[in-house]
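Undergrad: I am attaching a structure below and will ask some questions about it afterwards.
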Number of protein chains: 6
Amino acid sequence: MTRGFFIGRFQPFHLGHLKALEWILGKVNEVIIGIGSAQYSHSLQNPFTAGERVEMIWRVLRTRGLLSRCIITLVPDTNGRHSIWVAMVEHYSPRFDIVFSNDPLTQRLFKEAGYRVEGIPFFKRDLYNATRIRKLMLRGDEWKEYVPKEVAEYIEEIDGVNRLREIYLRLQQ
Amino acid sequence: MTRGFFIGRFQPFHLGHLKALEWILGKVNEVIIGIGSAQYSHSLQNPFTAGERVEMIWRVLRTRGLLSRCIITLVPDTNGRHSIWVAMVEHYSPRFDIVFSNDPLTQRLFKEAGYRVEGIPFFKRDLYNATRIRKLMLRGDEWKEYVPKEVAEYIEEIDGVNRLREIYLRLQQ
Amino acid sequence: MTRGFFIGRFQPFHLGHLKALEWILGKVNEVIIGIGSAQYSHSLQNPFTAGERVEMIWRVLRTRGLLSRCIITLVPDTNGRHSIWVAMVEHYSPRFDIVFSNDPLTQRLFKEAGYRVEGIPFFKRDLYNATRIRKLMLRGDEWKEYVPKEVAEYIEEIDGVNRLREIYLRLQQ
Amino acid sequence: MTRGFFIGRFQPFHLGHLKALEWILGKVNEVIIGIGSAQYSHSLQNPFTAGERVEMIWRVLRTRGLLSRCIITLVPDTNGRHSIWVAMVEHYSPRFDIVFSNDPLTQRLFKEAGYRVEGIPFFKRDLYNATRIRKLMLRGDEWKEYVPKEVAEYIEEIDGVNRLREIYLRLQQ
Amino acid sequence: MTRGFFIGRFQPFHLGHLKALEWILGKVNEVIIGIGSAQYSHSLQNPFTAGERVEMIWRVLRTRGLLSRCIITLVPDTNGRHSIWVAMVEHYSPRFDIVFSNDPLTQRLFKEAGYRVEGIPFFKRDLYNATRIRKLMLRGDEWKEYVPKEVAEYIEEIDGVNRLREIYLRLQQ
Amino acid sequence: MTRGFFIGRFQPFHLGHLKALEWILGKVNEVIIGIGSAQYSHSLQNPFTAGERVEMIWRVLRTRGLLSRCIITLVPDTNGRHSIWVAMVEHYSPRFDIVFSNDPLTQRLFKEAGYRVEGIPFFKRDLYNATRIRKLMLRGDEWKEYVPKEVAEYIEEIDGVNRLREIYLRLQQ
């Protein structure tokens with residue numbers, strides 16, 4: 001029984017994340033989904049709360065019958081104290097065997113800690129990336145096609161796009 | 001669709017917790033299980049990490065087919081800054097309607113914040129309580145009958161009883 | 001008896017703030033003046049300490065006979081954990097009924113928490129704004145006409161303009 | 001113009017505090033009232049929030065015409081990092097000349113930092129002390145005669161005694 | 001070239017610590033001396049600042065010609081977040097091969113992280129232990145014979161015994 | 001016996017730092033070397049851990065016979081709470097008489113706290129500065145001639161240049 005660890009901020013959880021998750025599920029039996037920078041919200045980079053991100057992902061997993069193979073957890077950001085970050089992950093996450101990440105520093109930190117680390121094939125990264133999706137939301141452009149439909153519905157329910165715009169307006173003042 | 005919030009430290013998750021959860025599931029459609037004091041571990045009061053507690057509960061939910069009605073999340077302790085605790089819960093948890101708790105301060109704090117709060121019938125609290133179960137572990141007495149069998153197996157896997165004893169020995173030195 | 005809440009960093013407290021305060025005092029019986037980002041000082045954005053800002057405002061209120069209708073308090077910045085900020089305000093401030101603010105995010109956060117929120121008419125914002133006043137100080141231009149005379153005197157007493165210049169020099173090195 | 005600094009947790013502000021304040025006002029022109037351990041509330045030692053303590057004291061000062069000679073401020077606890085506490089006070093407080101305190105460690109820390117420090121005559125300390133007053137509240141005994149009447153009224157308004165009892169009940173569970 | 005890690009709070013550094021250090025130096029080429037709970041001072045358990053503890057140990061090492069084989073460093077306490085403590089040590093300390101400690105939890109945490117851990121023979125622990133030495137200081141009993149003479153001189157220089165007594169008096173009030 | 005205090009982030013410790021240290025040692029008997037922003041690492045500005053910086057400097061001092069005149073210590077960054085920084089230095093450092101620094105804000109903060117402060121002659125600052133050296137490392141240019149040879153060797157040992165590049169790659173993604 002092998003377990004993978006998949007970390008992201010998931011602001012929001014989009015179709016690129018879902019493709020990556022499905023790819024990882026093809027390689028390992030179970031996946032821990034670690035929601036990073038968990039303490040932040042209501043900023044341009046991190047509009048959604050930890051709880052909102054938990055719910056987005058949980059709904060996606062439930063609809064697709066993945067709840068029995070995926071465990072969602074939360075990992076706080078260490079505010080620049082990067083050398084303790086792997087230990088933070090180990091505290092906040094169930095045990096895992098392989099780290100799936102394309103971030104060079106994440107790769108290095110986990111390798112130094114003795115973990116097996118693997119990259120993830122990007123899925124149309126120019127379209128499916130969270131920074132771009134937040135920009136589409138701000139501009140009033142179409143963004144829903146880039147996220148799972150459960151996420152689109154959920155962001156509607158919590159009036160997420162208006163929140164993002166109010167955060168943006170603040171920075172313009 | 002009503003949702004309950006059920007908070008605990010779950011050190012460990014025992015049969016009293018499970019009975020409470022089942023009772024709450026009889027009242028509401030979905031339950032958020034909030035694991036409190038999430039940042040602590042390796043102490044007599046809080047031997048298990050956040051990730052270990054997530055895994056314990058996830059295994060119990062999976063075996064019993066409850067994953068599609070329960071969402072697990074983590075809530076840090078506020079170190080005596082109790083007046084921000086409800087806001088912390090609101091950040092770290094998906095939205096909920098009713099708080100289920102027997103703790104008078106939790107009840108007061110959530111009521112003041114406008115939540116509906118309900119007590120939970122205790123299930124043989126003299127037997128099923130986490131402080132007692134940790135003492136049984138320390139003394140080498142039988143403790144497994146007081147926790148779900150998934151939890152007992154998991155604590156064995158991670159050598160949890162020996163961890164607790166080493167923590168205790170430290171305090172004796 | 002209605003009470004307003006008026007939040008700002010007050011770096012420094014200027015005539016625009018004073019006009020806003022007077023306008024709010026025309027609407028409510030008492031005003032809580034919340035000094036935000038209270039833990040910071042000695043930076044370009046936040047040159048003055050919490051205590052210095054308390055004193056500036058207290059002197060202005062005393063001269064103008066407003067001490068019996070205004071309560072000064074301090075609110076720390078939450079370092080990007082915006083979702084707990086309203087709870088922080090509630091902890092650090094006496095109770096209030098209406099929030100007066102033009103910041104879209106502040107408005108949203110307080111509205112979501114159930115508060116009545118009102119905007120404040122800007123008073124010659126191109127002249128009376130703290131960023132501009134700090135720039136005038138740095139350049140050696142005339143700045144005193146934009147702040148209440150008690151504030152100008154106080155900044156002189158504590159040698160505030162030289163502090164700001166030394167902070168600026170550091171960033172140039 | 002001499003200024004005194006008077007620090008306390010003021011849980012609650014009682015007649016012993018008021019007598020001390022009046023005595024200090026006989027010695028100096030102005031007094032900074034520093035509310036310590038500002039971040040805590042809802043515990044047996046610290047039942048009241050920072051804002052509630054600000055309001056208690058402000059009401060007492062207003063009734064007695066002392067607002068123009070007293071400045072209220074807030075000072076957080078340093079969690080055992082005592083050597084930075086004087087610097088914290090200096091950040092959160094307007095400037096002062098003399099520290100009034102009977103606490104040996106406060107006296108030492110401020111003396112080492114170069115401040116003049118003076119003791120305060122105790123006023124019937126066996127009756128007028130905050131620990132005793134909180135115990136009277138818990139037991140349902142008469143406590144109002146030991147605090148200024150503005151404080152008694154305010155604690156009634158916020159239902160403070162019941163809050164204290166619920167905190168106590170929690171610890172009994 | 002083997003390196004040991006020797007952790008302690010060193011409140012104060014006494015002859016038991018020195019014997020332990022000498023014993024470790026008989027086993028490895030170089031020793032990292034980690035001063036733990038570095039952020040605390042001015043309490044009964046932790047009377048001395050981090051800098052004072054650095055100086056005590058540095059003077060002992062200098063007199064005895066050990067500076068070229070020992071490196072002093074500081075490690076903060078993690079406030080109950082024990083699972084990140086090994087990572088904190090790794091951040092604040094130069095690399096080392098063997099951990100020397102008699103504390104069961106320290107032993108477990110470092111073993112789990114893959115380190116070789118060894119115990120240290122106690123040297124008359126009933127006489128040479130820091131809690132006892134602090135009690136002797138408080139009572140006015142003879143304590144200097146239990147610490148290296150450099151430490152005794154240094155504690156005199158900084159008036160350390162009176163500091164400890166003032167801390168104690170505070171707790172008696 | 002006079003003692004100097006010499007603060008820096010030492011990312012890495014270079015020949016400009018060494019020249020400055022030698023110049024200070026010509027003025028005072030002993031020097032405290034304070035490693036600032038101690039909690040950070042693995043970023044472009046702060047690639048090396050606290051322990052790595054301790055080791056770099058210790059090796060340089062050992063080779064050059066300076067260990068008996070220099071004490072290395074660590075000082076955390078205060079995250080914008082600049083007014084407590086001098087108190088942090090006083091906590092983490094052995095006592096000193098003169099502060100050696102060219103930073104205008106450091107000079108002001110220490111002067112206000114009553115310290116004697118002196119500037120340090122710059123030694124070919126266009127060549128010997130840490131930002132430039134980190135850029136040379138990133139570009140694959142020659143950097144070793146700008147640091148003491150012990151530092152160059154140490155950075156090789158810990159594979160420091162590759163770490164820096166991986167941090168840089170992350171920011172490019």
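By convention here, the chains of the structure tokens are called A, B, ... in the order presented, each chain's residues are numbered starting at 1, and ligands are numbered starting at 1 in the order presented.
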Return chain E as a PDB file with C-alpha atoms, in the first residue's frame, after superposing it on chain B by a least-squares fit that covers all C-alpha atoms paired in order.

TA:
ATOM      1  CA  MET E   1     -29.673  20.342   4.524  1.00  0.00           C
ATOM      2  CA  THR E   2     -28.439  20.946   8.082  1.00  0.00           C
ATOM      3  CA  ARG E   3     -24.854  20.677   9.171  1.00  0.00           C
ATOM      4  CA  GLY E   4     -23.409  20.099  12.623  1.00  0.00           C
ATOM      5  CA  PHE E   5     -20.020  21.025  14.046  1.00  0.00           C
ATOM      6  CA  PHE E   6     -18.411  18.570  16.466  1.00  0.00           C
ATOM      7  CA  ILE E   7     -15.176  19.710  18.128  1.00  0.00           C
ATOM      8  CA  GLY E   8     -12.719  17.673  20.202  1.00  0.00           C
ATOM      9  CA  ARG E   9      -9.038  17.060  20.717  1.00  0.00           C
ATOM     10  CA  PHE E  10      -9.561  13.347  20.010  1.00  0.00           C
ATOM     11  CA  GLN E  11      -6.491  12.221  21.964  1.00  0.00           C
ATOM     12  CA  PRO E  12      -7.442   9.540  20.971  1.00  0.00           C
ATOM     13  CA  PHE E  13     -10.804   9.271  19.165  1.00  0.00           C
ATOM     14  CA  HIS E  14     -12.722   6.785  21.354  1.00  0.00           C
ATOM     15  CA  LEU E  15     -16.071   5.002  21.453  1.00  0.00           C
ATOM     16  CA  GLY E  16     -17.663   7.881  23.371  1.00  0.00           C
ATOM     17  CA  HIS E  17     -16.737  10.170  20.462  1.00  0.00           C
ATOM     18  CA  LEU E  18     -18.113   7.637  17.974  1.00  0.00           C
ATOM     19  CA  LYS E  19     -21.422   7.336  19.839  1.00  0.00           C
ATOM     20  CA  ALA E  20     -21.668  11.127  19.946  1.00  0.00           C
ATOM     21  CA  LEU E  21     -20.953  11.358  16.243  1.00  0.00           C
ATOM     22  CA  GLU E  22     -23.612   8.765  15.441  1.00  0.00           C
ATOM     23  CA  TRP E  23     -26.113  10.610  17.622  1.00  0.00           C
ATOM     24  CA  ILE E  24     -25.333  13.897  15.826  1.00  0.00           C
ATOM     25  CA  LEU E  25     -25.671  12.154  12.451  1.00  0.00           C
ATOM     26  CA  GLY E  26     -29.188  11.209  13.544  1.00  0.00           C
ATOM     27  CA  LYS E  27     -29.988  14.915  13.895  1.00  0.00           C
ATOM     28  CA  VAL E  28     -28.259  16.573  10.928  1.00  0.00           C
ATOM     29  CA  ASN E  29     -27.353  15.655   7.361  1.00  0.00           C
ATOM     30  CA  GLU E  30     -23.632  16.315   7.567  1.00  0.00           C
ATOM     31  CA  VAL E  31     -21.086  16.807  10.325  1.00  0.00           C
ATOM     32  CA  ILE E  32     -17.835  18.747  10.413  1.00  0.00           C
ATOM     33  CA  ILE E  33     -15.418  17.007  12.767  1.00  0.00           C
ATOM     34  CA  GLY E  34     -13.061  19.693  14.082  1.00  0.00           C
ATOM     35  CA  ILE E  35      -9.797  18.401  15.552  1.00  0.00           C
ATOM     36  CA  GLY E  36      -8.824  20.998  18.144  1.00  0.00           C
ATOM     37  CA  SER E  37      -5.434  21.952  19.633  1.00  0.00           C
ATOM     38  CA  ALA E  38      -4.118  20.856  16.253  1.00  0.00           C
ATOM     39  CA  GLN E  39      -0.599  22.214  16.689  1.00  0.00           C
ATOM     40  CA  TYR E  40       0.254  20.113  19.753  1.00  0.00           C
ATOM     41  CA  SER E  41       1.595  16.572  20.092  1.00  0.00           C
ATOM     42  CA  HIS E  42       4.019  14.440  22.096  1.00  0.00           C
ATOM     43  CA  SER E  43       2.681  15.617  25.477  1.00  0.00           C
ATOM     44  CA  LEU E  44       0.671  13.740  28.095  1.00  0.00           C
ATOM     45  CA  GLN E  45      -2.470  15.697  27.227  1.00  0.00           C
ATOM     46  CA  ASN E  46      -1.862  15.663  23.485  1.00  0.00           C
ATOM     47  CA  PRO E  47       0.216  12.624  22.521  1.00  0.00           C
ATOM     48  CA  PHE E  48      -0.882  12.330  18.884  1.00  0.00           C
ATOM     49  CA  THR E  49      -0.048  14.667  16.002  1.00  0.00           C
ATOM     50  CA  ALA E  50      -2.715  16.402  13.950  1.00  0.00           C
ATOM     51  CA  GLY E  51      -2.059  14.049  11.045  1.00  0.00           C
ATOM     52  CA  GLU E  52      -2.378  10.969  13.237  1.00  0.00           C
ATOM     53  CA  ARG E  53      -5.707  12.181  14.575  1.00  0.00           C
ATOM     54  CA  VAL E  54      -6.899  12.895  11.024  1.00  0.00           C
ATOM     55  CA  GLU E  55      -5.951   9.367  10.036  1.00  0.00           C
ATOM     56  CA  MET E  56      -7.595   7.701  13.065  1.00  0.00           C
ATOM     57  CA  ILE E  57     -10.886   9.395  12.363  1.00  0.00           C
ATOM     58  CA  TRP E  58     -10.709   8.937   8.599  1.00  0.00           C
ATOM     59  CA  ARG E  59     -10.216   5.181   9.020  1.00  0.00           C
ATOM     60  CA  VAL E  60     -13.198   4.956  11.363  1.00  0.00           C
ATOM     61  CA  LEU E  61     -15.367   6.923   8.944  1.00  0.00           C
ATOM     62  CA  ARG E  62     -14.231   4.873   5.941  1.00  0.00           C
ATOM     63  CA  THR E  63     -14.941   1.495   7.519  1.00  0.00           C
ATOM     64  CA  ARG E  64     -18.394   2.679   8.571  1.00  0.00           C
ATOM     65  CA  GLY E  65     -19.311   4.324   5.279  1.00  0.00           C
ATOM     66  CA  LEU E  66     -19.496   7.797   6.805  1.00  0.00           C
ATOM     67  CA  LEU E  67     -16.998   9.669   4.626  1.00  0.00           C
ATOM     68  CA  SER E  68     -19.702  11.172   2.440  1.00  0.00           C
ATOM     69  CA  ARG E  69     -21.479  12.716   5.430  1.00  0.00           C
ATOM     70  CA  CYS E  70     -18.514  13.851   7.528  1.00  0.00           C
ATOM     71  CA  ILE E  71     -15.748  16.389   6.822  1.00  0.00           C
ATOM     72  CA  ILE E  72     -12.616  16.332   8.970  1.00  0.00           C
ATOM     73  CA  THR E  73     -10.796  19.577   9.640  1.00  0.00           C
ATOM     74  CA  LEU E  74      -8.130  20.984  11.980  1.00  0.00           C
ATOM     75  CA  VAL E  75      -8.401  23.932  14.386  1.00  0.00           C
ATOM     76  CA  PRO E  76      -5.366  25.334  16.242  1.00  0.00           C
ATOM     77  CA  ASP E  77      -5.515  26.309  19.901  1.00  0.00           C
ATOM     78  CA  THR E  78      -5.397  30.070  20.466  1.00  0.00           C
ATOM     79  CA  ASN E  79      -3.153  30.009  23.586  1.00  0.00           C
ATOM     80  CA  GLY E  80      -5.594  31.713  25.899  1.00  0.00           C
ATOM     81  CA  ARG E  81      -6.859  34.213  23.371  1.00  0.00           C
ATOM     82  CA  HIS E  82     -10.337  32.691  23.668  1.00  0.00           C
ATOM     83  CA  SER E  83     -12.212  35.619  22.189  1.00  0.00           C
ATOM     84  CA  ILE E  84     -10.867  34.865  18.698  1.00  0.00           C
ATOM     85  CA  TRP E  85     -11.528  31.139  18.871  1.00  0.00           C
ATOM     86  CA  VAL E  86     -14.931  31.147  17.151  1.00  0.00           C
ATOM     87  CA  ALA E  87     -13.379  33.120  14.277  1.00  0.00           C
ATOM     88  CA  MET E  88     -10.580  30.548  14.073  1.00  0.00           C
ATOM     89  CA  VAL E  89     -13.168  27.761  13.832  1.00  0.00           C
ATOM     90  CA  GLU E  90     -14.995  29.714  11.120  1.00  0.00           C
ATOM     91  CA  HIS E  91     -11.732  30.073   9.184  1.00  0.00           C
ATOM     92  CA  TYR E  92     -10.630  26.450   9.445  1.00  0.00           C
ATOM     93  CA  SER E  93     -14.045  24.819   9.021  1.00  0.00           C
ATOM     94  CA  PRO E  94     -16.581  24.573   6.212  1.00  0.00           C
ATOM     95  CA  ARG E  95     -19.827  26.330   7.129  1.00  0.00           C
ATOM     96  CA  PHE E  96     -22.164  24.711   9.663  1.00  0.00           C
ATOM     97  CA  ASP E  97     -25.513  25.473  11.312  1.00  0.00           C
ATOM     98  CA  ILE E  98     -25.493  23.839  14.738  1.00  0.00           C
ATOM     99  CA  VAL E  99     -22.684  23.423  17.238  1.00  0.00           C
ATOM    100  CA  PHE E 100     -22.787  20.231  19.289  1.00  0.00           C
ATOM    101  CA  SER E 101     -20.843  20.570  22.525  1.00  0.00           C
ATOM    102  CA  ASN E 102     -21.161  20.022  26.261  1.00  0.00           C
ATOM    103  CA  ASP E 103     -18.466  22.511  27.204  1.00  0.00           C
ATOM    104  CA  PRO E 104     -20.027  25.574  28.903  1.00  0.00           C
ATOM    105  CA  LEU E 105     -17.488  28.039  27.496  1.00  0.00           C
ATOM    106  CA  THR E 106     -17.736  26.656  23.938  1.00  0.00           C
ATOM    107  CA  GLN E 107     -21.499  26.920  24.276  1.00  0.00           C
ATOM    108  CA  ARG E 108     -21.292  30.533  25.459  1.00  0.00           C
ATOM    109  CA  LEU E 109     -18.790  31.648  22.817  1.00  0.00           C
ATOM    110  CA  PHE E 110     -20.806  30.169  19.949  1.00  0.00           C
ATOM    111  CA  LYS E 111     -24.137  31.450  21.322  1.00  0.00           C
ATOM    112  CA  GLU E 112     -22.687  34.965  21.575  1.00  0.00           C
ATOM    113  CA  ALA E 113     -21.612  34.613  17.949  1.00  0.00           C
ATOM    114  CA  GLY E 114     -25.208  33.817  16.986  1.00  0.00           C
ATOM    115  CA  TYR E 115     -24.987  30.034  16.536  1.00  0.00           C
ATOM    116  CA  ARG E 116     -27.521  27.447  17.607  1.00  0.00           C
ATOM    117  CA  VAL E 117     -25.819  25.215  20.180  1.00  0.00           C
ATOM    118  CA  GLU E 118     -26.927  21.805  21.458  1.00  0.00           C
ATOM    119  CA  GLY E 119     -25.615  19.438  24.108  1.00  0.00           C
ATOM    120  CA  ILE E 120     -24.700  15.802  23.427  1.00  0.00           C
ATOM    121  CA  PRO E 121     -25.880  12.912  25.657  1.00  0.00           C
ATOM    122  CA  PHE E 122     -22.845  11.445  27.427  1.00  0.00           C
ATOM    123  CA  PHE E 123     -22.204   7.775  26.706  1.00  0.00           C
ATOM    124  CA  LYS E 124     -20.824   6.089  29.847  1.00  0.00           C
ATOM    125  CA  ARG E 125     -18.485   8.958  30.424  1.00  0.00           C
ATOM    126  CA  ASP E 126     -16.731   7.308  33.355  1.00  0.00           C
ATOM    127  CA  LEU E 127     -15.502   4.590  30.962  1.00  0.00           C
ATOM    128  CA  TYR E 128     -15.230   6.377  27.651  1.00  0.00           C
ATOM    129  CA  ASN E 129     -13.096   9.422  28.211  1.00  0.00           C
ATOM    130  CA  ALA E 130      -9.721  10.215  26.744  1.00  0.00           C
ATOM    131  CA  THR E 131      -7.917  11.111  29.971  1.00  0.00           C
ATOM    132  CA  ARG E 132      -8.812   7.710  31.432  1.00  0.00           C
ATOM    133  CA  ILE E 133      -7.805   5.884  28.245  1.00  0.00           C
ATOM    134  CA  ARG E 134      -4.397   7.591  28.248  1.00  0.00           C
ATOM    135  CA  LYS E 135      -3.958   6.545  31.889  1.00  0.00           C
ATOM    136  CA  LEU E 136      -4.794   2.929  31.042  1.00  0.00           C
ATOM    137  CA  MET E 137      -2.165   3.051  28.293  1.00  0.00           C
ATOM    138  CA  LEU E 138       0.428   4.431  30.705  1.00  0.00           C
ATOM    139  CA  ARG E 139      -0.279   1.774  33.339  1.00  0.00           C
ATOM    140  CA  GLY E 140      -0.161  -1.089  30.851  1.00  0.00           C
ATOM    141  CA  ASP E 141      -3.864  -1.810  31.443  1.00  0.00           C
ATOM    142  CA  GLU E 142      -6.320  -2.859  28.788  1.00  0.00           C
ATOM    143  CA  TRP E 143      -7.462   0.155  26.749  1.00  0.00           C
ATOM    144  CA  LYS E 144      -8.386  -1.182  23.317  1.00  0.00           C
ATOM    145  CA  GLU E 145     -11.985  -1.993  24.185  1.00  0.00           C
ATOM    146  CA  TYR E 146     -12.684   1.714  24.698  1.00  0.00           C
ATOM    147  CA  VAL E 147     -11.729   2.837  21.186  1.00  0.00           C
ATOM    148  CA  PRO E 148     -12.965   1.801  17.728  1.00  0.00           C
ATOM    149  CA  LYS E 149     -10.920  -1.161  16.474  1.00  0.00           C
ATOM    150  CA  GLU E 150      -9.491   0.959  13.613  1.00  0.00           C
ATOM    151  CA  VAL E 151      -8.075   3.348  16.213  1.00  0.00           C
ATOM    152  CA  ALA E 152      -6.606   0.509  18.280  1.00  0.00           C
ATOM    153  CA  GLU E 153      -4.891  -0.901  15.192  1.00  0.00           C
ATOM    154  CA  TYR E 154      -3.592   2.484  14.164  1.00  0.00           C
ATOM    155  CA  ILE E 155      -2.153   3.291  17.589  1.00  0.00           C
ATOM    156  CA  GLU E 156      -0.362  -0.062  17.463  1.00  0.00           C
ATOM    157  CA  GLU E 157       1.043   0.720  14.016  1.00  0.00           C
ATOM    158  CA  ILE E 158       2.556   4.002  15.161  1.00  0.00           C
ATOM    159  CA  ASP E 159       3.773   2.552  18.483  1.00  0.00           C
ATOM    160  CA  GLY E 160       1.616   5.135  20.250  1.00  0.00           C
ATOM    161  CA  VAL E 161       1.625   3.569  23.721  1.00  0.00           C
ATOM    162  CA  ASN E 162       5.412   3.610  23.920  1.00  0.00           C
ATOM    163  CA  ARG E 163       5.458   7.236  22.846  1.00  0.00           C
ATOM    164  CA  LEU E 164       3.092   8.083  25.675  1.00  0.00           C
ATOM    165  CA  ARG E 165       5.280   6.216  28.168  1.00  0.00           C
ATOM    166  CA  GLU E 166       8.421   8.031  27.055  1.00  0.00           C
ATOM    167  CA  ILE E 167       6.630  11.353  27.481  1.00  0.00           C
ATOM    168  CA  TYR E 168       5.635  10.244  30.965  1.00  0.00           C
ATOM    169  CA  LEU E 169       9.168   9.137  31.848  1.00  0.00           C
ATOM    170  CA  ARG E 170      10.483  12.554  30.862  1.00  0.00           C
ATOM    171  CA  LEU E 171       8.203  14.200  33.385  1.00  0.00           C
ATOM    172  CA  GLN E 172       9.384  11.783  36.095  1.00  0.00           C
ATOM    173  CA  GLN E 173      13.051  12.673  35.605  1.00  0.00           C
TER     174      GLN E 173
END

Undergrad: Using DSSP on the backbone coordinates, identify the residues of region 16-55 of chain E assigned to strand (DSSP E or B); present them as a list in words.

TA: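 Strand (DSSP E or B) assignments inside region 16-55 of chain E correspond to Glu30, Val31, Ile32, Ile33, Gly34, Ile35 and Ser41 of chain E.
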
Undergrad: Can you pull out every residue from chain D that DSSP, working from the backbone, puts in alpha helix (DSSP H), and format the result as a PyMOL selection string?

TA: chain D and resi 15-25+50-63+85-92+104-112+130-139+149-157+160-172
